[in-house]
>>> print(open('start30.txt').read())   # compact mmCIF, C-alpha atoms
# COMPACT_ATOMS: atom_id res chain seq x y z
CA MET A 1 4.24 10.56 -29.76
CA LYS A 2 3.84 7.39 -27.68
CA GLU A 3 6.85 8.40 -25.58
CA ILE A 4 5.34 11.81 -24.87
CA ILE A 5 2.02 10.28 -23.74
CA ILE A 6 3.79 7.76 -21.49
CA THR A 7 5.97 10.48 -19.97
CA ILE A 8 3.09 12.87 -19.29
CA SER A 9 0.87 10.18 -17.79
CA PHE A 10 3.71 8.90 -15.59
CA TYR A 11 4.25 12.35 -14.09
CA ILE A 12 0.53 12.99 -13.60
CA LEU A 13 0.06 9.62 -11.89
CA ALA A 14 3.19 10.06 -9.76
CA PHE A 15 2.00 13.51 -8.67
CA LEU A 16 -1.47 12.17 -7.81
CA SER A 17 -0.10 9.24 -5.81
CA LEU A 18 2.26 11.51 -3.85
CA LEU A 19 -0.61 13.96 -3.28
CA GLY A 20 -2.77 11.12 -1.98
CA ALA A 21 -0.03 9.90 0.34
CA MET A 22 0.58 13.41 1.71
CA GLY A 23 -3.18 13.77 2.16
CA VAL A 24 -3.33 10.55 4.17
CA VAL A 25 -0.61 11.71 6.52
CA PHE A 26 -1.34 15.43 6.89
CA ASN A 27 -5.12 15.79 6.62
CA LYS A 28 -6.86 16.99 9.76
CA LYS A 29 -10.06 15.02 9.24
CA ILE A 30 -9.67 11.25 9.21
CA VAL A 31 -12.48 10.79 6.66
CA ASN A 32 -10.67 13.03 4.17
CA SER A 33 -7.47 11.06 4.61
CA GLY A 34 -9.43 7.87 3.91
CA LEU A 35 -10.59 9.35 0.59
CA MET A 36 -7.03 10.51 -0.18
CA LEU A 37 -5.93 6.91 0.41
CA LEU A 38 -8.41 5.89 -2.31
CA LEU A 39 -6.87 8.46 -4.71
CA CYS A 40 -3.40 7.09 -3.96
CA PHE A 41 -4.49 3.48 -4.62
CA LEU A 42 -6.15 4.37 -7.93
CA SER A 43 -3.14 6.30 -9.24
CA ILE A 44 -0.84 3.43 -8.25
CA ALA A 45 -3.09 1.14 -10.32
CA GLY A 46 -2.47 3.51 -13.24
CA LEU A 47 1.29 3.26 -12.65
CA PHE A 48 0.98 -0.54 -12.81
CA LEU A 49 -0.73 -0.19 -16.20
CA LEU A 50 2.21 1.94 -17.38
CA LEU A 51 4.50 -0.89 -16.26
CA ASN A 52 2.66 -3.40 -18.54
CA ALA A 53 1.19 -5.20 -15.50
CA ASP A 54 -2.50 -5.27 -16.41
CA PHE A 55 -3.44 -8.14 -14.09
CA VAL A 56 -1.77 -6.55 -11.06
CA ALA A 57 -3.42 -3.22 -11.88
CA MET A 58 -6.90 -4.78 -11.91
CA ALA A 59 -6.11 -6.72 -8.71
CA GLN A 60 -4.96 -3.42 -7.17
CA ILE A 61 -8.30 -1.80 -8.02
CA LEU A 62 -10.29 -4.79 -6.73
CA VAL A 63 -8.33 -5.45 -3.53
CA TYR A 64 -7.10 -2.01 -2.47
CA SER A 65 -9.37 0.62 -4.03
CA VAL A 66 -12.55 -1.34 -3.29
CA GLY A 67 -11.85 -3.81 -0.49
CA ILE A 68 -9.43 -2.06 1.81
CA ALA A 69 -10.90 1.41 1.18
CA ILE A 70 -14.33 0.14 2.27
CA ILE A 71 -12.83 -1.50 5.38
CA VAL A 72 -11.07 1.79 6.25
CA ILE A 73 -14.21 3.87 5.77
CA PHE A 74 -16.31 1.45 7.85
CA ALA A 75 -13.69 1.49 10.60
CA ILE A 76 -13.77 5.31 10.62
CA MET A 77 -17.56 5.23 10.76
CA LEU A 78 -17.68 2.71 13.63
CA THR A 79 -15.06 4.53 15.73
CA ASN A 80 -15.45 8.15 16.74
CA PRO A 81 -14.43 10.42 13.87
CA ASN A 82 -15.26 13.70 15.62
CA SER A 83 -12.63 13.48 18.34
CA THR A 84 -11.25 16.92 19.11
CA GLN A 85 -7.79 15.83 20.23
CA ALA A 86 -4.70 16.71 18.22
CA ASP A 87 -3.94 14.05 15.68
CA ILE A 88 -0.18 14.50 15.44
CA PHE A 89 2.21 13.67 18.26
CA LYS A 90 3.97 16.36 20.26
CA ARG A 91 6.83 18.43 18.85
CA PRO A 92 9.99 16.48 19.73
CA ARG A 93 8.64 13.21 18.44
CA SER A 94 7.66 14.57 15.02
CA ILE A 95 11.02 16.36 14.61
CA ILE A 96 12.97 13.22 15.48
CA SER A 97 10.92 11.14 13.05
CA LEU A 98 11.33 13.79 10.33
CA ILE A 99 15.12 13.70 10.73
CA SER A 100 15.28 9.90 10.73
CA CYS A 101 12.99 9.68 7.69
CA PHE A 102 15.19 12.22 5.88
CA PHE A 103 18.34 10.18 6.50
CA LEU A 104 16.57 6.97 5.47
CA MET A 105 15.55 8.70 2.24
CA ILE A 106 19.15 9.72 1.55
CA LEU A 107 20.24 6.13 2.20
CA MET A 108 17.62 4.77 -0.21
CA PHE A 109 18.58 7.24 -2.92
CA MET A 110 22.25 6.26 -2.55
CA ALA A 111 21.24 2.61 -2.94
CA ILE A 112 19.13 3.41 -6.00
CA PHE A 113 21.84 5.38 -7.76
CA ALA A 114 24.47 2.73 -7.00
CA ASP A 115 22.27 -0.01 -8.46
CA PRO A 116 23.67 -1.73 -11.56
CA PHE A 117 20.15 -2.77 -12.62
CA ILE A 118 19.08 0.76 -13.53
CA ARG A 119 20.94 0.64 -16.83
CA MET A 120 19.01 -2.44 -17.93
CA LEU A 121 16.16 -1.80 -20.31
CA PRO A 122 13.65 -4.40 -21.51
CA SER A 123 14.34 -5.66 -25.00
CA GLY A 124 11.72 -4.36 -27.42
CA LEU A 125 10.57 -7.84 -28.39
CA THR A 126 9.52 -9.09 -24.94
CA THR A 127 7.84 -5.81 -24.03
CA GLN A 128 5.87 -5.93 -27.26
CA ARG A 129 4.79 -9.49 -26.42
CA LEU A 130 3.70 -8.40 -22.93
CA ILE A 131 1.62 -5.59 -24.41
CA GLU A 132 -0.03 -7.84 -27.01
CA ALA A 133 -0.78 -10.93 -24.92
CA GLY A 134 -1.18 -9.41 -21.47
CA THR A 135 0.31 -10.84 -18.30
CA SER A 136 -2.63 -12.98 -17.16
CA GLY A 137 -1.45 -16.10 -19.00
CA ILE A 138 2.08 -15.98 -17.59
CA ILE A 139 0.83 -15.25 -14.06
CA GLY A 140 -1.81 -17.98 -14.15
CA LYS A 141 0.66 -20.57 -15.42
CA ALA A 142 3.19 -19.63 -12.74
CA LEU A 143 0.60 -19.59 -9.93
CA PHE A 144 -0.53 -23.15 -10.68
CA THR A 145 2.89 -24.68 -11.33
CA VAL A 146 5.86 -23.11 -9.57
CA TYR A 147 3.99 -21.14 -6.90
CA VAL A 148 1.15 -23.59 -6.20
CA LEU A 149 2.12 -24.19 -2.55
CA PRO A 150 2.33 -20.47 -1.58
CA PHE A 151 -0.94 -19.95 -3.48
CA GLU A 152 -2.77 -22.56 -1.40
CA ILE A 153 -1.19 -21.29 1.84
CA ILE A 154 -2.34 -17.76 0.96
CA SER A 155 -5.90 -19.02 0.52
CA ILE A 156 -5.83 -20.67 3.97
CA LEU A 157 -4.35 -17.46 5.42
CA LEU A 158 -7.19 -15.40 3.94
CA LEU A 159 -9.81 -17.80 5.32
CA VAL A 160 -8.25 -17.74 8.80
CA ALA A 161 -7.92 -13.94 8.71
CA ILE A 162 -11.57 -13.46 7.75
CA ILE A 163 -12.81 -15.82 10.49
CA GLY A 164 -10.50 -14.12 12.99
CA ALA A 165 -11.73 -10.67 11.96
CA VAL A 166 -15.36 -11.72 12.41
CA LEU A 167 -14.58 -13.21 15.83
CA LEU A 168 -12.71 -10.10 16.96
CA ALA A 169 -15.16 -7.55 15.64
CA ARG A 170 -18.47 -9.03 16.79
CA ARG A 171 -19.89 -8.25 20.20
CA ASP A 172 -20.20 -10.95 22.83
CA ILE A 173 -23.44 -12.89 22.44
CA GLU A 174 -24.05 -12.93 26.22
CA LYS A 175 -23.84 -9.14 26.35
CA ILE A 176 -26.33 -8.75 23.49
CA GLU A 177 -28.73 -11.13 25.27
CA GLU A 178 -28.43 -9.19 28.53
CA GLU A 179 -29.45 -6.01 26.73
CA MET B 1 13.29 14.55 -22.80
CA GLU B 2 15.56 11.48 -22.73
CA LEU B 3 16.15 12.01 -19.02
CA LEU B 4 12.48 12.57 -18.22
CA TYR B 5 11.21 9.43 -19.95
CA PRO B 6 10.10 7.04 -17.17
CA ASP B 7 12.77 4.43 -16.60
CA LEU B 8 13.33 1.93 -13.79
CA ILE B 9 15.06 4.58 -11.70
CA HIS B 10 12.06 6.93 -11.86
CA TYR B 11 9.78 4.25 -10.44
CA LEU B 12 12.32 3.39 -7.74
CA ILE B 13 12.56 7.05 -6.68
CA LEU B 14 8.76 7.41 -6.62
CA ALA B 15 8.42 4.25 -4.52
CA ALA B 16 11.13 5.47 -2.11
CA ILE B 17 9.36 8.83 -1.61
CA LEU B 18 6.01 7.08 -1.06
CA PHE B 19 7.66 4.76 1.47
CA ILE B 20 9.17 7.70 3.34
CA ILE B 21 5.84 9.57 3.49
CA GLY B 22 4.12 6.43 4.80
CA LEU B 23 6.86 5.84 7.37
CA TYR B 24 6.64 9.44 8.61
CA GLY B 25 2.89 9.07 9.00
CA LEU B 26 3.39 5.77 10.81
CA PHE B 27 5.70 7.46 13.33
CA THR B 28 3.68 10.61 13.94
CA SER B 29 -0.03 9.89 13.71
CA ARG B 30 -2.00 9.34 16.89
CA ASN B 31 -5.14 7.91 15.34
CA ALA B 32 -4.85 4.12 15.09
CA ILE B 33 -6.81 4.04 11.80
CA ARG B 34 -4.40 6.53 10.22
CA VAL B 35 -1.49 4.34 11.35
CA LEU B 36 -3.05 1.36 9.55
CA MET B 37 -3.59 3.47 6.41
CA CYS B 38 0.12 4.34 6.49
CA VAL B 39 0.97 0.62 6.68
CA GLU B 40 -1.06 0.14 3.48
CA LEU B 41 0.95 2.96 1.86
CA LEU B 42 4.20 1.17 2.75
CA LEU B 43 2.96 -2.10 1.22
CA ASN B 44 1.87 -0.26 -1.93
CA SER B 45 5.25 1.39 -2.43
CA VAL B 46 6.92 -2.02 -2.14
CA ASN B 47 4.50 -3.30 -4.78
CA ILE B 48 5.59 -0.52 -7.16
CA ASN B 49 9.19 -1.67 -6.74
CA MET B 50 8.24 -5.31 -7.39
CA VAL B 51 6.30 -4.55 -10.57
CA ALA B 52 8.93 -2.11 -11.88
CA PHE B 53 11.71 -4.67 -11.47
CA ALA B 54 9.54 -7.33 -13.09
CA ASN B 55 8.92 -5.10 -16.10
CA TYR B 56 12.47 -3.86 -16.62
CA VAL B 57 14.71 -6.71 -15.44
CA ASP B 58 12.61 -9.89 -15.78
CA PRO B 59 10.06 -9.33 -18.58
CA ASN B 60 9.91 -13.02 -19.60
CA LEU B 61 8.72 -14.59 -16.34
CA ILE B 62 7.48 -11.39 -14.52
CA ARG B 63 8.04 -13.01 -11.12
CA GLY B 64 7.72 -9.58 -9.51
CA ASP B 65 4.07 -9.38 -10.56
CA ILE B 66 3.35 -12.69 -8.82
CA PHE B 67 5.05 -11.50 -5.65
CA ALA B 68 3.02 -8.28 -5.83
CA LEU B 69 -0.15 -10.40 -5.92
CA PHE B 70 0.98 -12.35 -2.85
CA ILE B 71 1.75 -9.08 -1.04
CA MET B 72 -1.76 -7.86 -1.89
CA ALA B 73 -3.36 -10.99 -0.43
CA VAL B 74 -1.33 -10.68 2.78
CA ALA B 75 -2.18 -6.97 2.97
CA ALA B 76 -5.89 -7.72 2.66
CA ALA B 77 -5.70 -10.31 5.46
CA GLU B 78 -3.67 -7.92 7.60
CA ALA B 79 -6.13 -5.06 7.04
CA ALA B 80 -9.14 -7.20 7.99
CA VAL B 81 -7.57 -8.43 11.24
CA ALA B 82 -6.02 -5.07 12.16
CA PHE B 83 -9.22 -3.09 11.76
CA ALA B 84 -11.13 -5.74 13.70
CA ILE B 85 -8.60 -5.36 16.54
CA VAL B 86 -9.00 -1.56 16.42
CA LEU B 87 -12.78 -1.97 16.65
CA ALA B 88 -12.42 -4.36 19.62
CA ILE B 89 -10.13 -1.91 21.43
CA TYR B 90 -12.50 0.96 20.64
CA ARG B 91 -15.39 -0.99 22.16
CA ASN B 92 -13.47 -1.62 25.38
CA ARG B 93 -11.77 1.76 25.85
CA SER B 94 -13.85 4.07 23.56
CA THR B 95 -10.78 5.70 22.02
CA VAL B 96 -8.54 5.13 19.02
CA ASP B 97 -5.72 7.38 20.27
CA MET B 98 -2.36 5.58 20.24
CA GLU B 99 -1.36 7.44 23.45
CA ASP B 100 -4.21 5.78 25.34
CA PHE B 101 -3.28 2.22 24.36
CA ASP B 102 -1.08 1.84 27.44
CA THR B 103 -2.39 -1.35 29.03
CA LEU B 104 0.98 -3.06 28.60
CA LYS B 105 2.93 -0.14 30.13
CA TRP B 106 4.04 -0.28 33.74
>>> encode(input="start30.txt", output="structure tokens")
Amino acid sequence: MKEIIITISFYILAFLSLLGAMGVVFNKKIVNSGLMLLLCFLSIAGLFLLLNADFVAMAQILVYSVGIAIIVIFAIMLTNPNSTQADIFKRPRSIISLISCFFLMILMFMAIFADPFIRMLPSGLTTQRLIEAGTSGIIGKALFTVYVLPFEIISILLLVAIIGAVLLARRDIEKIEEE
Amino acid sequence: MELLYPDLIHYLILAAILFIIGLYGLFTSRNAIRVLMCVELLLNSVNINMVAFANYVDPNLIRGDIFALFIMAVAAAEAAVAFAIVLAIYRNRSTVDMEDFDTLKW
């Protein structure tokens, strides 16, 4: 019974995430593709839950589905969404990129099917422990012991990026005063 | 039923297809905002790979989950700066068409 539920929800979530990705790329209106991006992010959060990664799933919802989706929608609002120009490049370019993407996909599938890792399954005991205790404890312990230096560097990077974004996005003060 | 049950390989295939869709959009879209959305799709498909490997190969230490969190933080920083740059370009040239960003072309 549990296997059937996991299987069905995996295929529903995979279908929704692929639908969202296709919607991002092929939608005519840029606002609709922003909303499809939100659908894709939410279904990927569901896939993380299926993979026993509860902390990463919640971080996905907080960072991607809320933070980045809002940034995207504000950027669409502040630029001109009603432009009439064609949104896809001219013929030869899209055909060339379709062919190269197709060959890259074949290459990736060959790598996946040649992988020795795919026969490895988690032992029942550790998976059961992950489900019972959650991953937050393991992640928190690792972040503050082994990965403490990357963690601090990431926090500085975020601070610098936010200050840089504010500096880039605001209008010049002299110009505002002239008006 | 045995073959359909989601295993590591199913997640890897899903992430590969998502990556390819994002890459195709990255190559073909003309709107700069859509290009940035496709970059987010690429980062997300890599995250699926990370978490799937952590769950199936390394369930004791789940190092893949931690790397997925780092990727998310970098993606958030990248999105903030990239959209600010797009807004700055839009204010100067009043377009977000990739064809019109040709200041460096001579």
>>> residues_around(input="start30.txt", residues="Phe70 in chain B", least_positions_apart="6", cutoff="12 Å", atoms="all atoms listed in the file", output="PDB file with C-alpha atoms, keeping the file's coordinate frame")
ATOM      1  CA  VAL A  56      -1.770  -6.550 -11.060  1.00  0.00           C
ATOM      2  CA  ALA A  59      -6.110  -6.720  -8.710  1.00  0.00           C
ATOM      3  CA  GLN A  60      -4.960  -3.420  -7.170  1.00  0.00           C
ATOM      4  CA  VAL A  63      -8.330  -5.450  -3.530  1.00  0.00           C
ATOM      5  CA  ILE A 139       0.830 -15.250 -14.060  1.00  0.00           C
ATOM      6  CA  LEU A 143       0.600 -19.590  -9.930  1.00  0.00           C
ATOM      7  CA  TYR A 147       3.990 -21.140  -6.900  1.00  0.00           C
ATOM      8  CA  VAL A 148       1.150 -23.590  -6.200  1.00  0.00           C
ATOM      9  CA  LEU A 149       2.120 -24.190  -2.550  1.00  0.00           C
ATOM     10  CA  PRO A 150       2.330 -20.470  -1.580  1.00  0.00           C
ATOM     11  CA  PHE A 151      -0.940 -19.950  -3.480  1.00  0.00           C
ATOM     12  CA  GLU A 152      -2.770 -22.560  -1.400  1.00  0.00           C
ATOM     13  CA  ILE A 153      -1.190 -21.290   1.840  1.00  0.00           C
ATOM     14  CA  ILE A 154      -2.340 -17.760   0.960  1.00  0.00           C
ATOM     15  CA  SER A 155      -5.900 -19.020   0.520  1.00  0.00           C
ATOM     16  CA  LEU A 157      -4.350 -17.460   5.420  1.00  0.00           C
ATOM     17  CA  LEU A 158      -7.190 -15.400   3.940  1.00  0.00           C
TER      18      LEU A 158
ATOM     19  CA  LEU B  43       2.960  -2.100   1.220  1.00  0.00           C
ATOM     20  CA  VAL B  46       6.920  -2.020  -2.140  1.00  0.00           C
ATOM     21  CA  ASN B  47       4.500  -3.300  -4.780  1.00  0.00           C
ATOM     22  CA  MET B  50       8.240  -5.310  -7.390  1.00  0.00           C
ATOM     23  CA  ARG B  63       8.040 -13.010 -11.120  1.00  0.00           C
ATOM     24  CA  GLY B  64       7.720  -9.580  -9.510  1.00  0.00           C
ATOM     25  CA  ALA B  76      -5.890  -7.720   2.660  1.00  0.00           C
ATOM     26  CA  ALA B  77      -5.700 -10.310   5.460  1.00  0.00           C
TER      27      ALA B  77
END
>>> closest_atom_pairs(input="start30.txt", of="chain B", to="chain A", cutoff="6 Å", atoms="only C-alpha atoms", output="Markdown table")
| residue | atom | partner | partner_atom | distance |
| --- | --- | --- | --- | --- |
| B:Tyr5 | CA | A:Thr7 | CA | 5.3 |
| B:Leu8 | CA | A:Ile118 | CA | 5.9 |
| B:Ile9 | CA | A:Ile118 | CA | 5.8 |
| B:Gly25 | CA | A:Val25 | CA | 5.0 |
| B:Thr28 | CA | A:Phe89 | CA | 5.5 |
| B:Ser29 | CA | A:Ile88 | CA | 4.9 |
| B:Arg30 | CA | A:Asp87 | CA | 5.2 |
| B:Tyr56 | CA | A:Pro122 | CA | 5.1 |
| B:Ala77 | CA | A:Ala161 | CA | 5.4 |
| B:Ala80 | CA | A:Ala165 | CA | 5.9 |
| B:Val81 | CA | A:Ala165 | CA | 4.8 |
| B:Ala84 | CA | A:Ala169 | CA | 4.8 |
| B:Ala88 | CA | A:Ala169 | CA | 5.8 |
>>> write_last_selection(input="start30.txt", atoms="C-alpha atoms", output="compact mmCIF listing (two decimals), in the frame of the given file")
# COMPACT_ATOMS: atom_id res chain seq x y z
CA TYR B 5 11.21 9.43 -19.95
CA LEU B 8 13.33 1.93 -13.79
CA ILE B 9 15.06 4.58 -11.70
CA GLY B 25 2.89 9.07 9.00
CA THR B 28 3.68 10.61 13.94
CA SER B 29 -0.03 9.89 13.71
CA ARG B 30 -2.00 9.34 16.89
CA TYR B 56 12.47 -3.86 -16.62
CA ALA B 77 -5.70 -10.31 5.46
CA ALA B 80 -9.14 -7.20 7.99
CA VAL B 81 -7.57 -8.43 11.24
CA ALA B 84 -11.13 -5.74 13.70
CA ALA B 88 -12.42 -4.36 19.62
>>> atom_distance(input="start30.txt", atom1="CA of Met72 in chain B", atom2="CA of Asn44 in chain B")
8.4 Å
>>> atom_distance(input="start30.txt", atom1="CA of Asp7 in chain B", atom2="CA of Leu42 in chain A")
20.8 Å
>>> closest_residue(input="start30.txt", among="B:Thr95, B:Ala79, B:Ala54, B:Ile20", to="Phe67 in chain B", atoms="only C-alpha atoms")
B:Ala54
>>> build_atoms(input="start30.txt", residues="range 47-64 of chain A", atoms="N, CA and C atoms", output="PDB file, in the coordinates of the input")
ATOM      1  N   LEU A  47      -0.155   3.481 -12.479  1.00  0.00           N
ATOM      2  CA  LEU A  47       1.290   3.260 -12.650  1.00  0.00           C
ATOM      3  C   LEU A  47       1.566   1.805 -13.028  1.00  0.00           C
ATOM      4  N   PHE A  48       0.804   0.863 -12.445  1.00  0.00           N
ATOM      5  CA  PHE A  48       0.980  -0.540 -12.810  1.00  0.00           C
ATOM      6  C   PHE A  48       0.637  -0.761 -14.283  1.00  0.00           C
ATOM      7  N   LEU A  49      -0.398  -0.067 -14.781  1.00  0.00           N
ATOM      8  CA  LEU A  49      -0.730  -0.190 -16.200  1.00  0.00           C
ATOM      9  C   LEU A  49       0.416   0.325 -17.063  1.00  0.00           C
ATOM     10  N   LEU A  50       1.058   1.430 -16.633  1.00  0.00           N
ATOM     11  CA  LEU A  50       2.210   1.940 -17.380  1.00  0.00           C
ATOM     12  C   LEU A  50       3.344   0.936 -17.390  1.00  0.00           C
ATOM     13  N   LEU A  51       3.428   0.099 -16.348  1.00  0.00           N
ATOM     14  CA  LEU A  51       4.500  -0.890 -16.260  1.00  0.00           C
ATOM     15  C   LEU A  51       4.108  -2.210 -16.915  1.00  0.00           C
ATOM     16  N   ASN A  52       3.109  -2.220 -17.802  1.00  0.00           N
ATOM     17  CA  ASN A  52       2.660  -3.400 -18.540  1.00  0.00           C
ATOM     18  C   ASN A  52       2.135  -4.500 -17.636  1.00  0.00           C
ATOM     19  N   ALA A  53       1.681  -4.167 -16.410  1.00  0.00           N
ATOM     20  CA  ALA A  53       1.190  -5.200 -15.500  1.00  0.00           C
ATOM     21  C   ALA A  53      -0.321  -5.058 -15.378  1.00  0.00           C
ATOM     22  N   ASP A  54      -1.047  -5.511 -16.398  1.00  0.00           N
ATOM     23  CA  ASP A  54      -2.500  -5.270 -16.410  1.00  0.00           C
ATOM     24  C   ASP A  54      -3.200  -6.059 -15.311  1.00  0.00           C
ATOM     25  N   PHE A  55      -2.769  -7.319 -15.095  1.00  0.00           N
ATOM     26  CA  PHE A  55      -3.440  -8.140 -14.090  1.00  0.00           C
ATOM     27  C   PHE A  55      -3.259  -7.565 -12.697  1.00  0.00           C
ATOM     28  N   VAL A  56      -2.030  -7.122 -12.385  1.00  0.00           N
ATOM     29  CA  VAL A  56      -1.770  -6.550 -11.060  1.00  0.00           C
ATOM     30  C   VAL A  56      -2.537  -5.245 -10.893  1.00  0.00           C
ATOM     31  N   ALA A  57      -2.675  -4.479 -11.985  1.00  0.00           N
ATOM     32  CA  ALA A  57      -3.420  -3.220 -11.880  1.00  0.00           C
ATOM     33  C   ALA A  57      -4.876  -3.478 -11.537  1.00  0.00           C
ATOM     34  N   MET A  58      -5.490  -4.470 -12.208  1.00  0.00           N
ATOM     35  CA  MET A  58      -6.900  -4.780 -11.910  1.00  0.00           C
ATOM     36  C   MET A  58      -7.033  -5.344 -10.499  1.00  0.00           C
ATOM     37  N   ALA A  59      -6.061  -6.193 -10.075  1.00  0.00           N
ATOM     38  CA  ALA A  59      -6.110  -6.720  -8.710  1.00  0.00           C
ATOM     39  C   ALA A  59      -5.957  -5.588  -7.702  1.00  0.00           C
ATOM     40  N   GLN A  60      -5.125  -4.584  -8.059  1.00  0.00           N
ATOM     41  CA  GLN A  60      -4.960  -3.420  -7.170  1.00  0.00           C
ATOM     42  C   GLN A  60      -6.288  -2.698  -7.001  1.00  0.00           C
ATOM     43  N   ILE A  61      -7.015  -2.492  -8.128  1.00  0.00           N
ATOM     44  CA  ILE A  61      -8.300  -1.800  -8.020  1.00  0.00           C
ATOM     45  C   ILE A  61      -9.274  -2.614  -7.191  1.00  0.00           C
ATOM     46  N   LEU A  62      -9.313  -3.957  -7.442  1.00  0.00           N
ATOM     47  CA  LEU A  62     -10.290  -4.790  -6.730  1.00  0.00           C
ATOM     48  C   LEU A  62      -9.965  -4.897  -5.255  1.00  0.00           C
ATOM     49  N   VAL A  63      -8.684  -5.158  -4.918  1.00  0.00           N
ATOM     50  CA  VAL A  63      -8.330  -5.450  -3.530  1.00  0.00           C
ATOM     51  C   VAL A  63      -8.179  -4.164  -2.732  1.00  0.00           C
ATOM     52  N   TYR A  64      -7.397  -3.206  -3.263  1.00  0.00           N
ATOM     53  CA  TYR A  64      -7.100  -2.010  -2.470  1.00  0.00           C
ATOM     54  C   TYR A  64      -8.207  -0.969  -2.617  1.00  0.00           C
TER      55      TYR A  64
END
